[in-house]
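Student: Sending over a structure as structure tokens; questions will come in a sec.
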Amino acid sequence: LIRYTRVAKGITADKLRGFFVGWPSPPSPKTHLRLLEASDELVLAIDDGTGNVVGFITALTDGILSAYIPLLEVLPPYQKRGIGTQLMNLMMKRLGKLYMVDLCTGEEMRPFYERFEMEAMVGMAIRRHDRQTGLQ
Ligand SMILES: CC(C)(COP(=O)(O)OP(=O)(O)OC[C@H]1O[C@@H](n2cnc3c(N)ncnc32)[C@H](O)[C@@H]1OP(=O)(O)O)[C@@H](O)C(=O)NCCC(=O)NCCS
């Protein structure tokens, strides 16, 4: 059974293994935990059987006009079961009163996000690959 929570309370770094698939220099589980705690909004999907985090979504927001969703990921063995959809639904509920909710993604993900009433726009972004592990 998968349960969803909006707080990282009680989560330890050892419950955060296997994320950032395909990232050459991923943040460590410890850094991952720090960024979850530092986010304004957070939803975690937890496998009740193991207590491990199997999916997460974060958002940064001013709480007045705008929000940005930097990260959404579900562990590969848990994908295609609706967990990503549920994480987005729960996050959009939190951000539902705001004027703007933005995120950046690849063209192949467009149909997924269009399910949440999002439309494609031009995004501008920098990726500093030497900082991919995260600031200490
Ligand atoms: C995107 C992601 C969070 C979806 O999680 P999930 O739990 O598998 O999502 P759901 O089961 O709710 O929905 C699956 C849908 O995601 C979409 N999807 C996932 N990965 C996709 C990909 N690489 N290309 C196109 N669509 C994709 C499909 O529309 C799929 O629908 P389908 O089941 O009808 O084929 C997950 O695939 C993931 O972690 N991917 C790697 C990280 C990533 O790409 N994050 C988002 C970028 S901002």
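Identifiers in the structure tokens: chain A, B, ... in order shown; residue index from 1 per chain; ligand index from 1 in order shown.
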Using only C-alpha atoms and all ligand atoms, which residues of the polymer chains come no farther than 10 Å from ligand 1? I'd like the answer as an MDAnalysis selection string.
Tutor: chainID A and resid 19:22 45 54:57 69:89 103:115
Student: If we count only C-alpha atoms and set the cut-off at 10 Å, which residues sit around Arg94 in chain A, ignoring sequence neighbours fewer than 3 positions away in its own chain? Please answer as a ChimeraX atom specification.
Tutor: /A:6,41-43,59,88-91,97-98
Student: Taking all heavy atoms for each residue, export the selection above as a PDB file, in the first residue's frame.
Tutor:
ATOM      1  N   ARG A   6       2.626  15.051   3.494  1.00  0.00           N
ATOM      2  CA  ARG A   6       3.080  16.379   3.088  1.00  0.00           C
ATOM      3  C   ARG A   6       4.265  16.858   3.912  1.00  0.00           C
ATOM      4  O   ARG A   6       4.688  18.008   3.780  1.00  0.00           O
ATOM      5  CB  ARG A   6       1.929  17.385   3.180  1.00  0.00           C
ATOM      6  CG  ARG A   6       0.883  17.164   2.082  1.00  0.00           C
ATOM      7  CD  ARG A   6      -0.185  18.241   2.134  1.00  0.00           C
ATOM      8  NE  ARG A   6       0.345  19.476   2.655  1.00  0.00           N
ATOM      9  CZ  ARG A   6      -0.122  20.125   3.703  1.00  0.00           C
ATOM     10  NH1 ARG A   6      -1.163  19.676   4.341  1.00  0.00           N
ATOM     11  NH2 ARG A   6       0.430  21.240   4.106  1.00  0.00           N
ATOM     12  N   GLU A  41       6.452  23.376  -0.365  1.00  0.00           N
ATOM     13  CA  GLU A  41       5.418  22.340  -0.402  1.00  0.00           C
ATOM     14  C   GLU A  41       6.065  21.038  -0.831  1.00  0.00           C
ATOM     15  O   GLU A  41       7.004  21.034  -1.652  1.00  0.00           O
ATOM     16  CB  GLU A  41       4.301  22.708  -1.390  1.00  0.00           C
ATOM     17  CG  GLU A  41       3.471  23.908  -0.964  1.00  0.00           C
ATOM     18  CD  GLU A  41       2.535  23.615   0.205  1.00  0.00           C
ATOM     19  OE1 GLU A  41       2.322  22.439   0.542  1.00  0.00           O
ATOM     20  OE2 GLU A  41       2.026  24.590   0.783  1.00  0.00           O
ATOM     21  N   LEU A  42       5.526  19.940  -0.313  1.00  0.00           N
ATOM     22  CA  LEU A  42       6.142  18.637  -0.528  1.00  0.00           C
ATOM     23  C   LEU A  42       5.055  17.578  -0.432  1.00  0.00           C
ATOM     24  O   LEU A  42       4.172  17.671   0.416  1.00  0.00           O
ATOM     25  CB  LEU A  42       7.155  18.444   0.609  1.00  0.00           C
ATOM     26  CG  LEU A  42       7.689  17.051   0.895  1.00  0.00           C
ATOM     27  CD1 LEU A  42       8.636  16.633  -0.211  1.00  0.00           C
ATOM     28  CD2 LEU A  42       8.415  17.042   2.229  1.00  0.00           C
ATOM     29  N   VAL A  43       5.107  16.610  -1.330  1.00  0.00           N
ATOM     30  CA  VAL A  43       4.307  15.404  -1.131  1.00  0.00           C
ATOM     31  C   VAL A  43       5.227  14.200  -1.353  1.00  0.00           C
ATOM     32  O   VAL A  43       5.951  14.150  -2.350  1.00  0.00           O
ATOM     33  CB  VAL A  43       3.085  15.315  -2.072  1.00  0.00           C
ATOM     34  CG1 VAL A  43       2.225  14.110  -1.697  1.00  0.00           C
ATOM     35  CG2 VAL A  43       2.241  16.588  -2.035  1.00  0.00           C
ATOM     36  N   ALA A  59       7.589  21.796  -4.380  1.00  0.00           N
ATOM     37  CA  ALA A  59       7.241  23.087  -4.963  1.00  0.00           C
ATOM     38  C   ALA A  59       7.829  24.225  -4.130  1.00  0.00           C
ATOM     39  O   ALA A  59       7.967  24.100  -2.907  1.00  0.00           O
ATOM     40  CB  ALA A  59       5.721  23.257  -5.067  1.00  0.00           C
ATOM     41  N   MET A  88       1.010  14.621  -8.336  1.00  0.00           N
ATOM     42  CA  MET A  88       0.651  15.885  -9.003  1.00  0.00           C
ATOM     43  C   MET A  88      -0.710  16.387  -8.516  1.00  0.00           C
ATOM     44  O   MET A  88      -0.871  17.574  -8.237  1.00  0.00           O
ATOM     45  CB  MET A  88       0.588  15.680 -10.521  1.00  0.00           C
ATOM     46  CG  MET A  88       1.819  16.078 -11.287  1.00  0.00           C
ATOM     47  SD  MET A  88       2.341  17.801 -11.064  1.00  0.00           S
ATOM     48  CE  MET A  88       1.296  18.670 -12.219  1.00  0.00           C
ATOM     49  N   ASN A  89      -1.680  15.489  -8.396  1.00  0.00           N
ATOM     50  CA  ASN A  89      -3.011  15.900  -7.935  1.00  0.00           C
ATOM     51  C   ASN A  89      -2.944  16.522  -6.545  1.00  0.00           C
ATOM     52  O   ASN A  89      -3.539  17.573  -6.295  1.00  0.00           O
ATOM     53  CB  ASN A  89      -3.960  14.694  -7.901  1.00  0.00           C
ATOM     54  CG  ASN A  89      -4.556  14.399  -9.265  1.00  0.00           C
ATOM     55  OD1 ASN A  89      -4.700  15.300 -10.099  1.00  0.00           O
ATOM     56  ND2 ASN A  89      -4.886  13.147  -9.506  1.00  0.00           N
ATOM     57  N   LEU A  90      -2.214  15.884  -5.649  1.00  0.00           N
ATOM     58  CA  LEU A  90      -2.127  16.391  -4.277  1.00  0.00           C
ATOM     59  C   LEU A  90      -1.383  17.726  -4.244  1.00  0.00           C
ATOM     60  O   LEU A  90      -1.763  18.639  -3.498  1.00  0.00           O
ATOM     61  CB  LEU A  90      -1.450  15.356  -3.370  1.00  0.00           C
ATOM     62  CG  LEU A  90      -2.277  14.076  -3.136  1.00  0.00           C
ATOM     63  CD1 LEU A  90      -1.439  13.011  -2.445  1.00  0.00           C
ATOM     64  CD2 LEU A  90      -3.529  14.385  -2.318  1.00  0.00           C
ATOM     65  N   MET A  91      -0.335  17.851  -5.055  1.00  0.00           N
ATOM     66  CA  MET A  91       0.404  19.117  -5.094  1.00  0.00           C
ATOM     67  C   MET A  91      -0.455  20.223  -5.708  1.00  0.00           C
ATOM     68  O   MET A  91      -0.499  21.342  -5.196  1.00  0.00           O
ATOM     69  CB  MET A  91       1.711  18.947  -5.876  1.00  0.00           C
ATOM     70  CG  MET A  91       2.555  20.200  -5.921  1.00  0.00           C
ATOM     71  SD  MET A  91       2.969  20.851  -4.278  1.00  0.00           S
ATOM     72  CE  MET A  91       4.403  19.864  -3.858  1.00  0.00           C
ATOM     73  N   LYS A  97      -5.011  27.613  -5.550  1.00  0.00           N
ATOM     74  CA  LYS A  97      -5.563  28.969  -5.507  1.00  0.00           C
ATOM     75  C   LYS A  97      -4.651  29.983  -6.177  1.00  0.00           C
ATOM     76  O   LYS A  97      -5.021  31.140  -6.330  1.00  0.00           O
ATOM     77  CB  LYS A  97      -5.804  29.380  -4.047  1.00  0.00           C
ATOM     78  CG  LYS A  97      -6.960  28.625  -3.402  1.00  0.00           C
ATOM     79  CD  LYS A  97      -7.369  29.302  -2.102  1.00  0.00           C
ATOM     80  CE  LYS A  97      -8.674  28.754  -1.559  1.00  0.00           C
ATOM     81  NZ  LYS A  97      -8.587  27.370  -1.086  1.00  0.00           N
ATOM     82  N   LEU A  98      -3.448  29.562  -6.553  1.00  0.00           N
ATOM     83  CA  LEU A  98      -2.464  30.505  -7.094  1.00  0.00           C
ATOM     84  C   LEU A  98      -2.688  30.799  -8.579  1.00  0.00           C
ATOM     85  O   LEU A  98      -3.152  29.938  -9.330  1.00  0.00           O
ATOM     86  CB  LEU A  98      -1.051  29.951  -6.913  1.00  0.00           C
ATOM     87  CG  LEU A  98      -0.585  29.837  -5.464  1.00  0.00           C
ATOM     88  CD1 LEU A  98       0.705  29.050  -5.406  1.00  0.00           C
ATOM     89  CD2 LEU A  98      -0.412  31.216  -4.852  1.00  0.00           C
TER      90      LEU A  98
END
Student: Just the number, please: distance in Å from CA of Gln132 in chain A to CA of Ile11 in chain A, one decimal.
Tutor: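 So the answer is 22.6 Å.
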Student: For Asp40 in chain A, find every residue with an atom within 8 Å (counting only C-alpha atoms), except residues of its own chain fewer than 6 positions away, and show them as a PDB file with N, CA and C atoms, in the first residue's frame.
Tutor:
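Okay, this is what ended up in selection.pdb:
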ATOM      1  N   THR A  58       8.114  18.312  -5.234  1.00  0.00           N
ATOM      2  CA  THR A  58       8.388  19.507  -4.435  1.00  0.00           C
ATOM      3  C   THR A  58       7.854  20.742  -5.149  1.00  0.00           C
ATOM      4  N   ALA A  59       7.589  21.796  -4.380  1.00  0.00           N
ATOM      5  CA  ALA A  59       7.241  23.087  -4.963  1.00  0.00           C
ATOM      6  C   ALA A  59       7.829  24.225  -4.130  1.00  0.00           C
ATOM      7  N   LEU A  60       8.195  25.284  -4.827  1.00  0.00           N
ATOM      8  CA  LEU A  60       8.616  26.530  -4.201  1.00  0.00           C
ATOM      9  C   LEU A  60       7.550  27.551  -4.527  1.00  0.00           C
ATOM     10  N   THR A  61       7.128  28.335  -3.533  1.00  0.00           N
ATOM     11  CA  THR A  61       6.050  29.295  -3.794  1.00  0.00           C
ATOM     12  C   THR A  61       6.184  30.541  -2.928  1.00  0.00           C
TER      13      THR A  61
END
